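*Asks:* Pasting in a structure now, in structure tokens, and then I'll have a few things to ask.
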Amino acid sequence: MTYSEFYRRSIDDPTTFWAEEAKGIDWHTPFTQVLDDSRPPFARWFVDGTTNLCHNAVDRWLPTQADKPALIFVSTETDEERILTFAELHREIQRMAAVMQTLGVVRGDRVLIYMPMVPEAVIAMLACARIGAIHSVVFGGFASMSLGSRIEDATPRLIISADGGSRAGKVVPYKPLLDEAIRLSAHKPSAVLMINRGLTPFSNEPGRDHDYAALRATHLDAQVPVVWLQSTDTSYILYTSGTTGRPKGVQRDVGGYAVALASSMKHIYCGNPGETYFSTSDIGWVVGHSYIVYGPLIGGMATLMYEGTPVRPDAGILWQLVERFKVTVMFSAPTAIRVLKKHDAQWLRRYDLSSLRSLFLAGEPLDEPTSSWIAEGLGKPIIDNYWQTETGWPILTVAHGIDNTPTRLGSPGLPMYGFDVRLLDENTGEALGPDQKGVIAIAQPLPPGCMQTVWGDDERFVKTYFSSIPGHQVYSTFDWGVRDSDGYYFILGRTDDVINVAGHRLGTREIEESINSHPAVAECAVVGVADPLKGQVAIGFAVLRDPAAAASSADRLALEGAVLAIVNQQLGAIARPARVHFVNLLPKTRSGKVLRRSIQAVCEGRDPGDLTTIEDASALTALSEALAG
Ligand code: ATP
Ligand code: MG
């Protein structure tokens, strides 16, 4: 079957299509209805079916691969390595689940996980899934304010945390931040469970805080059976990255998510049981949920969990891991590749990568120069994935498990099965044809695996996602794009970031792509800045592969001229930024996404807004300095 036939079936007859895909997981009781969409835009998948994510990720594999690796942990921060087989992981999950039960956690309770990238974090997530507690993982890099607001929103009974994490060799204490976050939050957890890594001392609050090692020791033989959950029960809450403002608590189900992941492992990632999957993301992000924890394990694969940066001890570390653990499927982000791009390409060739079939990249636009650089360096197919926290798995990519649809540089690919992707005029809601720019939307129902609602706020779900396009109750991605005549989509930026120059609408991405094609540029960001004459003008900020290239002001001027000439030639004078400034760092979220909203504010002399998710606030100061001088 060709991909286009496969796709058509998923859209024309979703009930038959997803009933077939649902065979990819174990059900305790079969569902009686594939889809209940009687209350749009809410979609309930596999109604009355009961299943469990932990069962599908772990227990299901015990008969065939109990002694095969399930969780491979490598930390170049603490020089630790641990390999847990499926049987060992199964035992650890039950110990953790028993400890959680001792602390009063029951089905439906929220458990907030604020943890570094250590095995206990994955064990805690799976233990929640096992007993029907709803986990909410908060990225370990967040400070008290962001954490506090998430505690208040998710109202957890229990918080699981650790003494600290480590980043580029520096210990980051977690406990003081957690204590402060709990103090800030109106909701207080009844218990805190601490994993003590021995990285940094911390104080315990008597009666509230518990030591995991001590409690675990009393539950070594724990047998905690799987709780069979309704397919439509809630498995977890995960807050979006906060690139565009106040994070939304994405709420996900059990059965639909399990089916979507099992299906994506087969059709998109092409991973097989017994192989190793390596995602460089963090469990605090959706990629971590779907493709560090649940997806690979549901697919019977070992998952490689890595605490460390891509360049320590050297820029070859990721590929060394691929060689050592015979990774077959790898998942990373363009931002990580851009970091590697500042190092010698020979690092990509030092290790035996013969096990590796493809490298998937997601999270941000993958510019053509970066894509070609890594594809040539590795000699492997690079597959772009476009998706969102909200969808849980790819909206746009290519499904090489179905046929070998070619990839197209600069495009994440085609709509994935189940996603009825539309390109609409955001003002009129009119459907657009090839080569016309518009907002990327998805017609109802959203396929299995997508968000059920905004946690605790059905109205915000409907209002935020389904009410922005006039006359159509469709899901808006709030991304702007274009489709070519073969159906490949290209992401042009977020709808908020579209620039309006003298009546011409330009996506920031188009200009960024062009600037990135200058060989000296490692990465860049373009924003639209208010201009009395033209409405808006584009301003670019570029980070150079070698900062020395713009050491003197004459160098900077020459380089800026060269970059502007490229844009002029590729896109025309209308797209040419008024200025391109060279900086050492771009303001990014903790997940590596450029905060264009804040850059724009700084350029216009406004307050940069909510910066709780920013990676390094000094990037904004550097930006102001570049603008001033
Ligand atoms: P918030 O919604 O809180 O502002 P966020 O949108 O950054 O945060 P995520 O859900 O992590 O949070 O990111 C999804 C967004 O990332 C997409 O809507 C899109 O803008 C961008 N994105 C993800 N993958 C790609 C890709 N392959 N190409 C282009 N853009 C991508
Ligand atoms: Mg978003």
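We label chains A, B, ... in the order they appear in the structure tokens, count residues from 1 in each chain, and number ligands from 1 in the order shown.
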As an MDAnalysis selection string, please: every residue in segment 76-159 of chain A that a backbone DSSP assignment puts in alpha helix (DSSP H).
*Replies:* chainID A and resid 86:102 119:131 144:154
*Asks:* Restricting the output to N, CA and C atoms, write the selected residues as a short mmCIF file (atom, residue, chain, number, x, y, z; two decimals), in the first residue's frame.
*Replies:*
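Output saved as out.cif:
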data_model
loop_
_atom_site.label_atom_id
_atom_site.label_comp_id
_atom_site.auth_asym_id
_atom_site.auth_seq_id
_atom_site.Cartn_x
_atom_site.Cartn_y
_atom_site.Cartn_z
N PHE A 86 14.14 -5.52 31.42
CA PHE A 86 12.69 -5.39 31.61
C PHE A 86 12.29 -5.96 32.98
N ALA A 87 12.90 -7.08 33.39
CA ALA A 87 12.54 -7.68 34.68
C ALA A 87 12.94 -6.75 35.83
N GLU A 88 14.13 -6.16 35.72
CA GLU A 88 14.58 -5.25 36.79
C GLU A 88 13.74 -3.97 36.83
N LEU A 89 13.42 -3.49 35.67
CA LEU A 89 12.58 -2.29 35.62
C LEU A 89 11.21 -2.58 36.25
N HIS A 90 10.68 -3.75 35.93
CA HIS A 90 9.40 -4.19 36.48
C HIS A 90 9.47 -4.21 38.01
N ARG A 91 10.56 -4.74 38.54
CA ARG A 91 10.70 -4.79 40.01
C ARG A 91 10.79 -3.38 40.60
N GLU A 92 11.60 -2.53 39.96
CA GLU A 92 11.78 -1.18 40.52
C GLU A 92 10.48 -0.37 40.48
N ILE A 93 9.72 -0.56 39.42
CA ILE A 93 8.45 0.17 39.30
C ILE A 93 7.52 -0.23 40.45
N GLN A 94 7.50 -1.54 40.77
CA GLN A 94 6.60 -1.99 41.84
C GLN A 94 7.05 -1.46 43.19
N ARG A 95 8.37 -1.37 43.39
CA ARG A 95 8.87 -0.79 44.64
C ARG A 95 8.43 0.67 44.75
N MET A 96 8.64 1.39 43.67
CA MET A 96 8.25 2.81 43.68
C MET A 96 6.74 2.94 43.88
N ALA A 97 5.98 2.09 43.19
CA ALA A 97 4.51 2.16 43.31
C ALA A 97 4.08 1.89 44.75
N ALA A 98 4.75 0.91 45.39
CA ALA A 98 4.40 0.58 46.77
C ALA A 98 4.71 1.75 47.70
N VAL A 99 5.85 2.40 47.45
CA VAL A 99 6.21 3.57 48.27
C VAL A 99 5.17 4.68 48.07
N MET A 100 4.77 4.89 46.84
CA MET A 100 3.77 5.92 46.57
C MET A 100 2.45 5.61 47.28
N GLN A 101 2.09 4.34 47.27
CA GLN A 101 0.84 3.95 47.96
C GLN A 101 0.96 4.19 49.47
N THR A 102 2.14 3.87 50.02
CA THR A 102 2.37 4.12 51.44
C THR A 102 2.17 5.60 51.78
N PRO A 119 17.24 7.41 36.28
CA PRO A 119 16.29 6.31 36.10
C PRO A 119 15.06 6.43 37.00
N GLU A 120 15.24 6.92 38.23
CA GLU A 120 14.10 7.01 39.15
C GLU A 120 12.98 7.87 38.58
N ALA A 121 13.31 8.81 37.72
CA ALA A 121 12.27 9.65 37.13
C ALA A 121 11.37 8.81 36.22
N VAL A 122 11.99 7.98 35.40
CA VAL A 122 11.23 7.10 34.50
C VAL A 122 10.46 6.07 35.32
N ILE A 123 11.12 5.54 36.34
CA ILE A 123 10.47 4.56 37.21
C ILE A 123 9.24 5.19 37.87
N ALA A 124 9.38 6.44 38.29
CA ALA A 124 8.25 7.12 38.94
C ALA A 124 7.10 7.34 37.95
N MET A 125 7.42 7.71 36.73
CA MET A 125 6.36 7.91 35.73
C MET A 125 5.61 6.60 35.50
N LEU A 126 6.37 5.53 35.32
CA LEU A 126 5.74 4.24 35.04
C LEU A 126 4.98 3.71 36.26
N ALA A 127 5.47 4.03 37.45
CA ALA A 127 4.77 3.60 38.67
C ALA A 127 3.42 4.32 38.76
N CYS A 128 3.41 5.59 38.41
CA CYS A 128 2.13 6.33 38.38
C CYS A 128 1.17 5.64 37.40
N ALA A 129 1.69 5.40 36.20
CA ALA A 129 0.85 4.77 35.18
C ALA A 129 0.31 3.43 35.68
N ARG A 130 1.14 2.72 36.41
CA ARG A 130 0.75 1.39 36.88
C ARG A 130 -0.46 1.44 37.82
N ILE A 131 -0.46 2.44 38.72
CA ILE A 131 -1.53 2.49 39.72
C ILE A 131 -2.61 3.54 39.38
N SER A 144 11.62 28.26 40.81
CA SER A 144 10.48 28.21 41.73
C SER A 144 9.17 28.75 41.18
N MET A 145 9.25 29.86 40.45
CA MET A 145 8.02 30.48 39.97
C MET A 145 7.26 29.56 39.02
N SER A 146 7.96 29.05 38.01
CA SER A 146 7.32 28.18 37.03
C SER A 146 6.83 26.91 37.71
N LEU A 147 7.67 26.38 38.60
CA LEU A 147 7.30 25.15 39.29
C LEU A 147 6.09 25.40 40.20
N GLY A 148 6.13 26.51 40.91
CA GLY A 148 5.04 26.83 41.84
C GLY A 148 3.70 26.94 41.12
N SER A 149 3.69 27.59 39.96
CA SER A 149 2.42 27.76 39.26
C SER A 149 1.90 26.42 38.75
N ARG A 150 2.83 25.51 38.42
CA ARG A 150 2.39 24.19 37.96
C ARG A 150 1.89 23.35 39.13
N ILE A 151 2.51 23.51 40.31
CA ILE A 151 2.02 22.80 41.50
C ILE A 151 0.60 23.26 41.81
N GLU A 152 0.42 24.57 41.70
CA GLU A 152 -0.89 25.12 42.01
C GLU A 152 -1.95 24.63 41.02
N ASP A 153 -1.56 24.51 39.77
CA ASP A 153 -2.52 24.10 38.75
C ASP A 153 -2.84 22.60 38.80
N ALA A 154 -1.82 21.79 39.06
CA ALA A 154 -2.02 20.33 39.02
C ALA A 154 -2.45 19.76 40.37
#
*Asks:* Find the spatial neighbours of Pro470 of chain A, counting only C-alpha atoms, within a cut-off of 12 Å - ignore same-chain residues fewer than 5 positions away - and output them as a list in words.
*Replies:* Leu424, Asp425, Glu426, Asn427, Thr428, Gly429, Glu430, Ala431, Tyr475 and Ser476 of chain A
*Asks:* Kindly provide, as a CSV table (one decimal) with N, CA, C and O atoms, in the first residue's frame, all nucleotide and amino acid residues lying within 10 Å of ligand 2, counting only C-alpha atoms and all ligand atoms.
*Replies:*
chain,number,residue,atom,x,y,z
A,239,TYR,N,2.7,20.5,30.8
A,239,TYR,CA,2.6,21.9,30.4
A,239,TYR,C,3.4,22.1,29.2
A,239,TYR,O,4.5,21.6,29.0
A,240,THR,N,2.9,23.0,28.3
A,240,THR,CA,3.6,23.3,27.0
A,240,THR,C,4.8,24.2,27.4
A,240,THR,O,4.9,24.7,28.5
A,241,SER,N,5.7,24.3,26.4
A,241,SER,CA,7.0,25.0,26.7
A,241,SER,C,6.9,26.4,27.2
A,241,SER,O,7.9,27.0,27.7
A,242,GLY,N,5.8,27.1,26.8
A,242,GLY,CA,5.7,28.5,27.2
A,242,GLY,C,6.4,29.4,26.3
A,242,GLY,O,6.8,30.5,26.8
A,243,THR,N,6.6,29.1,25.1
A,243,THR,CA,7.3,30.0,24.1
A,243,THR,C,6.4,31.2,23.9
A,243,THR,O,6.9,32.3,23.7
A,244,THR,N,5.1,31.0,23.9
A,244,THR,CA,4.2,32.1,23.5
A,244,THR,C,3.4,32.7,24.7
A,244,THR,O,2.6,33.5,24.5
A,245,GLY,N,3.7,32.2,25.9
A,245,GLY,CA,3.0,32.8,27.0
A,245,GLY,C,2.7,31.8,28.1
A,245,GLY,O,3.5,30.9,28.3
A,247,PRO,N,1.8,28.8,30.1
A,247,PRO,CA,1.8,27.4,29.6
A,247,PRO,C,0.4,26.8,29.9
A,247,PRO,O,-0.3,27.2,30.8
A,248,LYS,N,0.0,25.8,29.0
A,248,LYS,CA,-1.2,25.2,29.0
A,248,LYS,C,-1.0,23.8,29.5
A,248,LYS,O,-0.1,23.1,29.1
A,387,TRP,N,5.5,18.6,15.3
A,387,TRP,CA,4.4,18.3,16.2
A,387,TRP,C,4.4,19.2,17.4
A,387,TRP,O,5.2,20.2,17.4
A,388,GLN,N,3.5,19.0,18.3
A,388,GLN,CA,3.3,19.9,19.5
A,388,GLN,C,3.1,19.0,20.7
A,388,GLN,O,2.7,17.9,20.6
A,389,THR,N,3.3,19.6,21.9
A,389,THR,CA,3.0,19.0,23.1
A,389,THR,C,1.5,18.5,23.1
A,389,THR,O,1.2,17.4,23.5
A,390,GLU,N,0.7,19.3,22.5
A,390,GLU,CA,-0.7,19.0,22.4
A,390,GLU,C,-1.0,17.7,21.6
A,390,GLU,O,-2.0,17.0,21.9
A,477,THR,N,-3.0,25.1,15.0
A,477,THR,CA,-1.7,24.9,15.5
A,477,THR,C,-1.0,26.2,15.9
A,477,THR,O,0.0,26.2,16.6
A,478,PHE,N,-1.6,27.3,15.4
A,478,PHE,CA,-0.9,28.6,15.6
A,478,PHE,C,0.4,28.7,14.9
A,478,PHE,O,1.3,29.4,15.3
A,479,ASP,N,0.6,27.8,13.9
A,479,ASP,CA,1.8,27.9,13.1
A,479,ASP,C,1.4,28.2,11.7
A,479,ASP,O,0.3,27.9,11.2
A,494,ARG,N,5.5,31.0,13.6
A,494,ARG,CA,4.3,31.0,14.4
A,494,ARG,C,3.4,32.1,13.9
A,494,ARG,O,3.9,33.1,13.4
*Asks:* Atom CA of Leu585 of chain A and atom CA of Val602 of chain A are how many Å apart?
*Replies:*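 It comes out at 14.8 Å.
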*Asks:* For atom CA of Ile160 of chain A and atom CA of Val192 of chain A, determine how far apart the two atoms are, in Å to one decimal place.
*Replies:*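 Taking atom CA of Ile160 of chain A and atom CA of Val192 of chain A, their separation equals 5.8 Å.
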*Asks:* Of the candidates A:Met305, A:Ala213, A:Leu353, A:Ile395, which one gets nearest to ligand 1 if we count only C-alpha atoms and all ligand atoms?
*Replies:*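 Closest candidate: A:Ile395.
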*Asks:* Within segment 116-294 of chain A, find each residue whose DSSP state, derived from the backbone, is strand (DSSP E), and express the selection as a PDB file with C-alpha atoms, in the first residue's frame.
*Replies:*
ATOM      1  CA  ILE A 134      -1.743  11.095  36.993  1.00  0.00           C
ATOM      2  CA  HIS A 135       1.829  12.277  36.623  1.00  0.00           C
ATOM      3  CA  SER A 136       2.857  15.776  35.833  1.00  0.00           C
ATOM      4  CA  VAL A 137       6.528  16.007  35.017  1.00  0.00           C
ATOM      5  CA  LEU A 158       2.806  13.854  46.156  1.00  0.00           C
ATOM      6  CA  ILE A 159       5.889  15.501  44.669  1.00  0.00           C
ATOM      7  CA  ILE A 160       8.885  13.380  43.737  1.00  0.00           C
ATOM      8  CA  SER A 161      12.181  15.187  43.461  1.00  0.00           C
ATOM      9  CA  ALA A 162      15.918  14.846  43.957  1.00  0.00           C
ATOM     10  CA  GLY A 164      19.967  18.017  42.447  1.00  0.00           C
ATOM     11  CA  GLY A 165      20.873  17.737  38.822  1.00  0.00           C
ATOM     12  CA  SER A 166      24.059  18.524  36.998  1.00  0.00           C
ATOM     13  CA  ARG A 167      24.584  20.592  33.893  1.00  0.00           C
ATOM     14  CA  LYS A 170      27.930  22.123  37.556  1.00  0.00           C
ATOM     15  CA  VAL A 171      25.630  20.842  40.290  1.00  0.00           C
ATOM     16  CA  VAL A 172      22.175  22.404  40.233  1.00  0.00           C
ATOM     17  CA  PRO A 173      20.422  22.033  43.601  1.00  0.00           C
ATOM     18  CA  ALA A 191       4.192  14.445  50.898  1.00  0.00           C
ATOM     19  CA  VAL A 192       7.519  14.963  49.137  1.00  0.00           C
ATOM     20  CA  LEU A 193       9.642  11.979  48.162  1.00  0.00           C
ATOM     21  CA  MET A 194      13.334  12.718  47.803  1.00  0.00           C
ATOM     22  CA  ILE A 195      15.814  10.775  45.699  1.00  0.00           C
ATOM     23  CA  ASP A 209       9.593  14.930  53.227  1.00  0.00           C
ATOM     24  CA  HIS A 210      10.624  11.298  52.903  1.00  0.00           C
ATOM     25  CA  ASP A 211      13.789   9.554  51.793  1.00  0.00           C
ATOM     26  CA  LEU A 229      -7.843   1.970  33.550  1.00  0.00           C
ATOM     27  CA  GLN A 230     -10.477   3.195  31.197  1.00  0.00           C
ATOM     28  CA  THR A 234      -6.229  10.627  32.274  1.00  0.00           C
ATOM     29  CA  SER A 235      -2.643   9.377  32.177  1.00  0.00           C
ATOM     30  CA  TYR A 236      -0.791  12.627  32.563  1.00  0.00           C
ATOM     31  CA  ILE A 237      -0.676  16.394  32.496  1.00  0.00           C
ATOM     32  CA  LEU A 238       2.196  18.123  30.732  1.00  0.00           C
ATOM     33  CA  TYR A 239       2.599  21.861  30.434  1.00  0.00           C
ATOM     34  CA  GLY A 249      -1.741  21.948  30.995  1.00  0.00           C
ATOM     35  CA  VAL A 250      -2.082  19.398  28.238  1.00  0.00           C
ATOM     36  CA  GLN A 251      -4.126  16.450  29.502  1.00  0.00           C
ATOM     37  CA  ARG A 252      -3.693  13.094  27.833  1.00  0.00           C
ATOM     38  CA  ASP A 253      -5.651   9.830  27.951  1.00  0.00           C
ATOM     39  CA  THR A 276      17.844   0.532  21.207  1.00  0.00           C
ATOM     40  CA  TYR A 277      16.134   3.911  20.852  1.00  0.00           C
ATOM     41  CA  PHE A 278      18.025   7.059  21.792  1.00  0.00           C
ATOM     42  CA  SER A 279      16.259  10.364  22.286  1.00  0.00           C
TER      43      SER A 279
END
*Asks:* From the set A:Asp555, A:Asp367, A:Glu323, A:Asp344, which residue has the shortest atom-to-atom contact distance to Glu523 of chain A, counting only C-alpha atoms?
*Replies:*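 Nearest to Glu523 of chain A: A:Asp367.
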*Asks:* Figure out the distance between atom CA of Ala542 of chain A and atom CA of Thr589 of chain A, please, to one decimal in Å.
*Replies:*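 About the pair atom CA of Thr589 of chain A and atom CA of Ala542 of chain A: they are 17.0 Å apart.
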